[in-house]
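The file coords39.csv contains CSV, C-alpha atoms:
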```csv
chain,number,residue,atom,x,y,z
A,1,MET,CA,-1.7,-27.0,7.0
A,2,ARG,CA,-0.8,-24.5,9.6
A,3,LEU,CA,-3.3,-22.2,11.1
A,4,THR,CA,-2.6,-18.9,12.9
A,5,LEU,CA,-4.9,-18.5,15.9
A,6,TYR,CA,-6.1,-15.0,16.6
A,7,PRO,CA,-7.7,-14.5,20.1
A,8,ALA,CA,-10.4,-11.9,19.8
A,9,ILE,CA,-10.5,-8.8,22.1
A,10,ASP,CA,-13.7,-7.1,21.3
A,11,LEU,CA,-14.0,-3.7,23.1
A,12,LYS,CA,-17.3,-2.2,24.3
A,13,ASP,CA,-17.4,0.7,26.7
A,14,GLY,CA,-13.8,0.1,27.6
A,15,ALA,CA,-14.3,-3.6,28.5
A,16,CYS,CA,-13.5,-6.9,26.8
A,17,VAL,CA,-16.8,-8.5,25.7
A,18,ARG,CA,-18.3,-11.1,23.4
A,19,LEU,CA,-21.5,-10.4,21.5
A,20,GLU,CA,-24.0,-12.9,20.1
A,21,GLN,CA,-24.5,-12.4,16.4
A,22,GLY,CA,-23.1,-8.9,16.7
A,23,VAL,CA,-26.0,-7.6,18.8
A,24,MET,CA,-24.7,-4.9,21.2
A,25,ASP,CA,-27.4,-5.6,23.7
A,26,ARG,CA,-26.4,-9.3,23.9
A,27,ALA,CA,-22.9,-8.7,25.3
A,28,THR,CA,-21.1,-10.8,27.9
A,29,VAL,CA,-18.3,-8.9,29.8
A,30,TYR,CA,-15.2,-11.1,30.3
A,31,SER,CA,-12.7,-8.5,31.5
A,32,SER,CA,-12.8,-4.9,32.6
A,33,ASP,CA,-9.0,-4.7,31.8
A,34,PRO,CA,-8.4,-5.4,28.1
A,35,ALA,CA,-4.6,-4.8,28.5
A,36,ALA,CA,-4.4,-7.5,31.1
A,37,GLN,CA,-6.4,-9.8,28.9
A,38,ALA,CA,-4.0,-9.1,26.0
A,39,ARG,CA,-1.0,-10.0,28.2
A,40,ALA,CA,-2.7,-13.2,29.2
A,41,TRP,CA,-3.2,-14.3,25.6
A,42,GLN,CA,0.4,-13.4,24.8
A,43,GLN,CA,1.6,-15.4,27.8
A,44,ALA,CA,-0.5,-18.3,26.7
A,45,GLY,CA,1.6,-18.5,23.5
A,46,PHE,CA,-0.6,-16.8,20.9
A,47,GLU,CA,1.4,-15.0,18.2
A,48,TRP,CA,-1.3,-12.4,17.1
A,49,LEU,CA,-4.2,-10.5,18.6
A,50,HIS,CA,-7.4,-9.5,16.9
A,51,VAL,CA,-8.8,-6.3,18.4
A,52,VAL,CA,-12.1,-4.7,17.4
A,53,ASP,CA,-13.7,-1.4,18.7
A,54,LEU,CA,-17.3,-2.5,18.7
A,55,ASN,CA,-18.6,1.0,19.6
A,56,GLY,CA,-16.5,2.4,16.8
A,57,ALA,CA,-18.0,-0.1,14.3
A,58,PHE,CA,-21.4,1.4,15.0
A,59,SER,CA,-20.5,5.0,15.4
A,60,GLY,CA,-18.0,5.3,12.5
A,61,ARG,CA,-15.2,6.6,14.7
A,62,LEU,CA,-12.9,5.0,17.2
A,63,VAL,CA,-14.4,5.1,20.7
A,64,ASN,CA,-12.1,2.8,22.7
A,65,SER,CA,-8.8,4.4,21.8
A,66,GLY,CA,-7.6,4.4,25.4
A,67,ALA,CA,-8.1,0.6,25.6
A,68,VAL,CA,-6.4,0.0,22.3
A,69,THR,CA,-3.4,2.1,23.3
A,70,ALA,CA,-3.1,0.2,26.6
A,71,ILE,CA,-3.2,-3.1,24.7
A,72,LEU,CA,-0.4,-2.0,22.4
A,73,ALA,CA,1.7,-1.0,25.4
A,74,ALA,CA,1.0,-4.3,27.2
A,75,VAL,CA,2.1,-6.8,24.5
A,76,SER,CA,5.0,-7.3,22.0
A,77,ILE,CA,3.1,-9.6,19.7
A,78,PRO,CA,1.5,-8.1,16.6
A,79,VAL,CA,-2.0,-6.6,16.8
A,80,GLN,CA,-4.6,-6.2,14.0
A,81,LEU,CA,-7.3,-3.6,14.7
A,82,GLY,CA,-10.7,-2.9,13.2
A,83,GLY,CA,-13.9,-1.0,14.0
A,84,GLY,CA,-14.5,2.6,13.1
A,85,ILE,CA,-11.5,3.0,10.9
A,86,ARG,CA,-12.9,4.9,8.0
A,87,ASP,CA,-10.4,7.5,6.8
A,88,MET,CA,-6.7,7.7,5.9
A,89,LYS,CA,-5.8,9.8,8.9
A,90,THR,CA,-7.1,7.1,11.3
A,91,ILE,CA,-5.3,4.4,9.3
A,92,ALA,CA,-2.0,6.3,9.5
A,93,HIS,CA,-2.5,7.1,13.2
A,94,TRP,CA,-2.9,3.5,14.3
A,95,LEU,CA,-0.1,2.2,12.1
A,96,ASP,CA,2.2,4.8,13.6
A,97,ALA,CA,1.0,3.9,17.1
A,98,GLY,CA,2.1,0.3,16.6
A,99,VAL,CA,-0.8,-1.6,15.1
A,100,CYS,CA,0.6,-4.1,12.6
A,101,ARG,CA,-2.5,-4.3,10.4
A,102,VAL,CA,-5.6,-2.2,10.2
A,103,ILE,CA,-8.9,-3.7,9.2
A,104,LEU,CA,-11.3,-1.8,7.0
A,105,GLY,CA,-14.9,-2.9,6.9
A,106,SER,CA,-17.7,-0.5,6.2
A,107,ALA,CA,-15.3,2.0,4.7
A,108,ALA,CA,-14.0,-0.5,2.2
A,109,VAL,CA,-17.6,-1.2,1.0
A,110,ARG,CA,-18.6,2.5,0.8
A,111,ASP,CA,-15.3,4.0,-0.5
A,112,PRO,CA,-13.4,1.6,-2.8
A,113,ARG,CA,-11.0,4.5,-3.6
A,114,LEU,CA,-10.0,4.8,0.1
A,115,LEU,CA,-9.2,1.0,0.1
A,116,ARG,CA,-7.1,1.3,-3.0
A,117,GLU,CA,-5.2,4.3,-1.8
A,118,ALA,CA,-4.7,2.8,1.7
A,119,CYS,CA,-3.3,-0.4,0.1
A,120,ARG,CA,-1.0,1.6,-2.1
A,121,LEU,CA,0.4,3.8,0.7
A,122,PHE,CA,0.6,1.0,3.2
A,123,PRO,CA,1.3,-2.2,1.3
A,124,GLY,CA,0.7,-5.4,3.3
A,125,LEU,CA,-0.8,-3.5,6.2
A,126,VAL,CA,-4.4,-3.2,5.2
A,127,CYS,CA,-6.9,-6.0,5.6
A,128,VAL,CA,-10.6,-6.1,4.9
A,129,GLY,CA,-13.3,-7.5,7.1
A,130,ILE,CA,-16.0,-9.2,5.1
A,131,ASP,CA,-18.9,-9.7,7.4
A,132,ALA,CA,-21.7,-11.6,5.8
A,133,ARG,CA,-25.3,-12.4,6.5
A,134,ALA,CA,-26.8,-15.1,4.3
A,135,GLY,CA,-23.9,-14.5,1.9
A,136,MET,CA,-24.4,-10.8,1.6
A,137,VAL,CA,-22.0,-8.1,3.0
A,138,ALA,CA,-23.1,-6.3,6.1
A,139,THR,CA,-21.9,-2.9,7.3
A,140,ASP,CA,-22.2,-0.5,10.3
A,141,GLY,CA,-21.5,-2.9,13.0
A,142,TRP,CA,-23.5,-5.5,11.1
A,143,SER,CA,-26.7,-3.4,11.4
A,144,GLN,CA,-27.1,-2.9,7.7
A,145,THR,CA,-27.1,-5.7,5.0
A,146,THR,CA,-26.1,-4.7,1.5
A,147,ARG,CA,-26.9,-6.3,-1.9
A,148,ILE,CA,-23.2,-7.0,-2.4
A,149,ALA,CA,-22.3,-10.7,-2.5
A,150,ALA,CA,-19.4,-11.6,-0.2
A,151,ARG,CA,-17.7,-13.6,-2.9
A,152,ASP,CA,-17.8,-10.7,-5.4
A,153,PHE,CA,-16.6,-8.2,-2.7
A,154,ALA,CA,-13.7,-10.6,-1.9
A,155,ARG,CA,-12.5,-10.5,-5.5
A,156,ALA,CA,-12.7,-6.7,-5.5
A,157,CYS,CA,-10.7,-6.4,-2.3
A,158,GLU,CA,-8.0,-8.5,-3.7
A,159,GLN,CA,-7.8,-6.4,-6.9
A,160,ALA,CA,-7.6,-3.3,-4.7
A,161,GLY,CA,-4.5,-4.7,-3.0
A,162,ALA,CA,-5.8,-5.9,0.4
A,163,ALA,CA,-3.2,-7.9,2.3
A,164,ALA,CA,-5.8,-10.4,3.7
A,165,LEU,CA,-9.5,-10.9,4.2
A,166,ILE,CA,-11.3,-11.7,7.5
A,167,TYR,CA,-14.5,-13.5,6.8
A,168,THR,CA,-17.2,-13.6,9.4
A,169,ASP,CA,-20.5,-15.5,9.2
A,170,ILE,CA,-22.6,-13.2,11.4
A,171,ALA,CA,-25.2,-15.9,12.1
A,172,ARG,CA,-22.4,-18.1,13.7
A,173,ASP,CA,-20.6,-15.3,15.6
A,174,GLY,CA,-20.7,-15.8,19.4
A,175,MET,CA,-23.1,-18.8,19.1
A,176,LEU,CA,-20.6,-21.7,19.4
A,177,GLY,CA,-22.2,-23.4,16.5
A,178,GLY,CA,-19.1,-24.2,14.5
A,179,VAL,CA,-17.5,-22.4,11.6
A,180,ASN,CA,-19.4,-22.1,8.3
A,181,LEU,CA,-17.0,-24.3,6.5
A,182,GLU,CA,-18.8,-24.3,3.1
A,183,GLN,CA,-19.0,-20.5,2.9
A,184,THR,CA,-15.5,-20.0,4.2
A,185,LYS,CA,-14.1,-22.4,1.6
A,186,SER,CA,-16.1,-21.0,-1.2
A,187,LEU,CA,-15.0,-17.4,-0.5
A,188,ALA,CA,-11.3,-18.4,0.0
A,189,GLN,CA,-11.4,-20.2,-3.4
A,190,GLN,CA,-12.3,-16.9,-5.1
A,191,VAL,CA,-9.0,-15.2,-4.2
A,192,SER,CA,-5.3,-16.0,-3.7
A,193,ILE,CA,-4.7,-13.7,-0.7
A,194,PRO,CA,-4.9,-15.0,2.8
A,195,VAL,CA,-8.3,-15.5,4.4
A,196,ILE,CA,-8.9,-15.6,8.1
A,197,ALA,CA,-12.0,-17.4,9.2
A,198,SER,CA,-14.2,-16.0,12.0
A,199,GLY,CA,-17.5,-16.8,13.7
A,200,GLY,CA,-18.7,-19.9,15.5
A,201,VAL,CA,-15.5,-21.6,16.7
A,202,ALA,CA,-16.5,-23.8,19.7
A,203,SER,CA,-14.0,-26.6,20.0
A,204,LEU,CA,-10.8,-28.1,18.8
A,205,ALA,CA,-13.0,-30.1,16.3
A,206,ASP,CA,-13.7,-26.8,14.5
A,207,LEU,CA,-10.0,-26.1,14.1
A,208,GLN,CA,-9.5,-29.7,12.8
A,209,ALA,CA,-12.3,-29.2,10.3
A,210,LEU,CA,-10.8,-26.0,9.0
A,211,LYS,CA,-7.4,-27.7,8.5
A,212,ARG,CA,-9.1,-30.6,6.7
A,213,LEU,CA,-10.5,-28.2,4.1
A,214,SER,CA,-6.9,-28.1,2.8
A,215,VAL,CA,-7.4,-24.7,1.2
A,216,PRO,CA,-3.9,-23.2,1.2
A,217,ASN,CA,-4.9,-19.6,1.6
A,218,ILE,CA,-7.1,-20.1,4.7
A,219,GLU,CA,-4.3,-18.8,6.8
A,220,GLY,CA,-5.9,-18.5,10.3
A,221,VAL,CA,-9.0,-18.4,12.5
A,222,ILE,CA,-10.3,-15.9,15.1
A,223,ILE,CA,-11.4,-17.5,18.4
A,224,GLY,CA,-13.5,-15.6,20.9
A,225,ARG,CA,-16.1,-17.0,23.2
A,226,ALA,CA,-14.7,-20.5,23.2
A,227,LEU,CA,-11.5,-19.3,24.7
A,228,TYR,CA,-13.1,-17.1,27.3
A,229,ASP,CA,-15.5,-19.8,28.4
A,230,GLY,CA,-12.7,-22.4,28.6
A,231,ARG,CA,-14.1,-24.6,25.9
A,232,ILE,CA,-10.8,-24.4,24.1
A,233,VAL,CA,-7.5,-24.7,26.1
A,234,PRO,CA,-4.8,-22.4,24.5
A,235,ALA,CA,-2.0,-25.0,24.7
A,236,ALA,CA,-4.0,-27.7,23.0
A,237,ALA,CA,-5.3,-25.3,20.3
A,238,LEU,CA,-1.8,-24.0,19.5
A,239,THR,CA,-0.4,-27.5,19.3
A,240,LEU,CA,-3.2,-28.6,16.9
A,241,ALA,CA,-2.8,-25.4,14.8
A,242,THR,CA,0.9,-25.9,14.2
A,243,GLU,CA,0.8,-29.6,13.4
```

Structure re-expressed in structure tokens:
Amino acid sequence: MRLTLYPAIDLKDGACVRLEQGVMDRATVYSSDPAAQARAWQQAGFEWLHVVDLNGAFSGRLVNSGAVTAILAAVSIPVQLGGGIRDMKTIAHWLDAGVCRVILGSAAVRDPRLLREACRLFPGLVCVGIDARAGMVATDGWSQTTRIAARDFARACEQAGAAALIYTDIARDGMLGGVNLEQTKSLAQQVSIPVIASGGVASLADLQALKRLSVPNIEGVIIGRALYDGRIVPAAALTLATE
């Protein structure tokens, strides 16, 4: 089972940061030059980048557009982008600008018609971020928890035409406590489209555990803090992921 590894570039106030459990006041700055960081991940051999505008996720509009544009100019590998993308105009803008996949989060929860229309107009280019707290979908930069079960929402997103789902266990994110294997497996088994795991990756053992699940549509995993802290060496991770 092959895994695609997605280095995370989370943008806050123009810098590359990592949060703990999505709390903006618990941010560690890793680079003041996101474009340089993007180049470094490409040079390390990664085939995708996962970019999120954290300010945008809270405000409902893209705030770090300059940093995103610089990243797109700096690399040739595909980039998926989320955070603050909540209307068709913004979706079209970033796809035209060179983003390979846009990620809808709060907008997909609040406006199912937008999700369906975006998937119809841009087939294969619209993903949905399912961010869950205790199994329930969270929105607005994880500040609000809904009464929508993540598993039910996953099925609705597949029916709407989403190209892939990015599943994040908020309690694990940035905490280096390991991926929530049980919940990730359970959600992936509800759908047939690709699922990308996120939240808690701390070591190569977490990648091995994901591969051992042998769920065919768990397509990849997002890695953040463990890469930045040096707990995971890119070359070793890429070798393991492609075995």

Checklist entry - Neighbours of region 73-88 of chain A within 9 Å (all atoms listed in the file; same-chain residues fewer than 3 positions away dropped), as an MDAnalysis selection string? => result chainID A and resid 35:36 38:39 42 46:63 68:70 91:94 98:108 111 114 117:118 127:129 140:141

Checklist entry - Counting all atoms listed in the file, what is within 10 Å of Gly230 (chain A), bar same-chain residues fewer than 5 positions away, as a PyMOL selection string? => result chain A and resi 202-203+225

Checklist entry - Between CA of Leu187 (chain A) and CA of Gln144 (chain A), what is the spacing in Å? => result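 These atoms are spaced 20.6 Å apart.
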
Item to check | Residue list as a PyMOL selection string for point (-5.5, -7.0, -9.6), cut-off 12 Å, all atoms listed in the file | outcome: chain A and resi 116+119+154-162+191-193

Checklist entry - Between A:Ala40, A:Leu227, A:Ile71, A:Ile130, which is the closest to Thr184 (chain A) once you count only C-alpha atoms? => result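 Using only C-alpha atoms, the shortest distance to Thr184 (chain A) belongs to A:Ile130.
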
Next on the checklist: Please list as a count of residues only every residue within 7 Å of Ile222 (chain A), counting only C-alpha atoms and excluding residues in the same chain fewer than 5 positions away.
Outcome noted: 6

Checklist entry - Can you tell me how far CA of Leu125 (chain A) sits from CA of Gly200 (chain A), in Å to one decimal? => result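 Here the two named atoms are 26.0 Å from each other.
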
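Between CA of Gly66 (chain A) and CA of Arg18 (chain A) lies a distance of 18.9 Å.
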
Checklist entry - Counting all atoms listed in the file, which of A:Ala15, A:Ile218, A:Ile196, A:Ile148 gets nearest to Tyr167 (chain A)? => result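 For Tyr167 (chain A), the nearest of the given residues is A:Ile196.
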
Next on the checklist: Please list as a list of chain:residue names every residue within 12 Å of Ala226 (chain A), counting all atoms listed in the file and excluding residues in the same chain fewer than 6 positions away.
Outcome noted: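 Near Ala226 (chain A), the qualifying residues are A:Pro7, A:Ala8, A:Arg18, A:Tyr30, A:Asp173, A:Gly174, A:Met175, A:Leu176, A:Gly177, A:Gly178, A:Gly199, A:Gly200, A:Val201, A:Ala202, A:Ser203, A:Leu204, A:Ala205, A:Asp206, A:Leu207, A:Ile232, A:Val233, A:Pro234, A:Ala237.
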
Item to check | Selected residue of minimal separation from Gly135 (chain A) among A:Phe122, A:Asn180, A:Ala241, A:Asp96, counting all atoms listed in the file | outcome: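 Ranking A:Phe122, A:Asn180, A:Ala241, A:Asp96 by distance to Gly135 (chain A), first place goes to A:Asn180.
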
List as an mmCIF file with C-alpha atoms, in the frame of the given file the protein and nucleic acid residues near Glu219 (chain A), meaning an atom at most 8 Å away when all atoms listed in the file are counted, but skip any in the same chain fewer than 3 places from it.
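Just written: part_23.cif:
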```cif
data_model
loop_
_atom_site.group_PDB
_atom_site.id
_atom_site.type_symbol
_atom_site.label_atom_id
_atom_site.label_comp_id
_atom_site.auth_asym_id
_atom_site.auth_seq_id
_atom_site.Cartn_x
_atom_site.Cartn_y
_atom_site.Cartn_z
ATOM 1 C CA ARG A 2 -0.800 -24.500 9.600
ATOM 2 C CA LEU A 3 -3.300 -22.200 11.100
ATOM 3 C CA THR A 4 -2.600 -18.900 12.900
ATOM 4 C CA PRO A 194 -4.900 -15.000 2.800
ATOM 5 C CA VAL A 195 -8.300 -15.500 4.400
ATOM 6 C CA ILE A 196 -8.900 -15.600 8.100
ATOM 7 C CA PRO A 216 -3.900 -23.200 1.200
#
```

Item to check | Using all atoms listed in the file: which of A:Gln208, A:Asp152, A:Gln190, A:Pro34 has the shortest distance to Leu72 (chain A) | outcome: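 Nearest to Leu72 (chain A): A:Pro34.
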
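Comparing A:Ile223, A:Ala171, A:Ala150, A:Pro112 by their smallest distance to Ala188 (chain A), the closest is A:Ala150 (using all atoms listed in the file).
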
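Take the candidates A:Gly45, A:Ser31, A:Leu165, A:Asp10 and check each one against Thr239 (chain A) using all atoms listed in the file; the shortest distance goes to A:Gly45.
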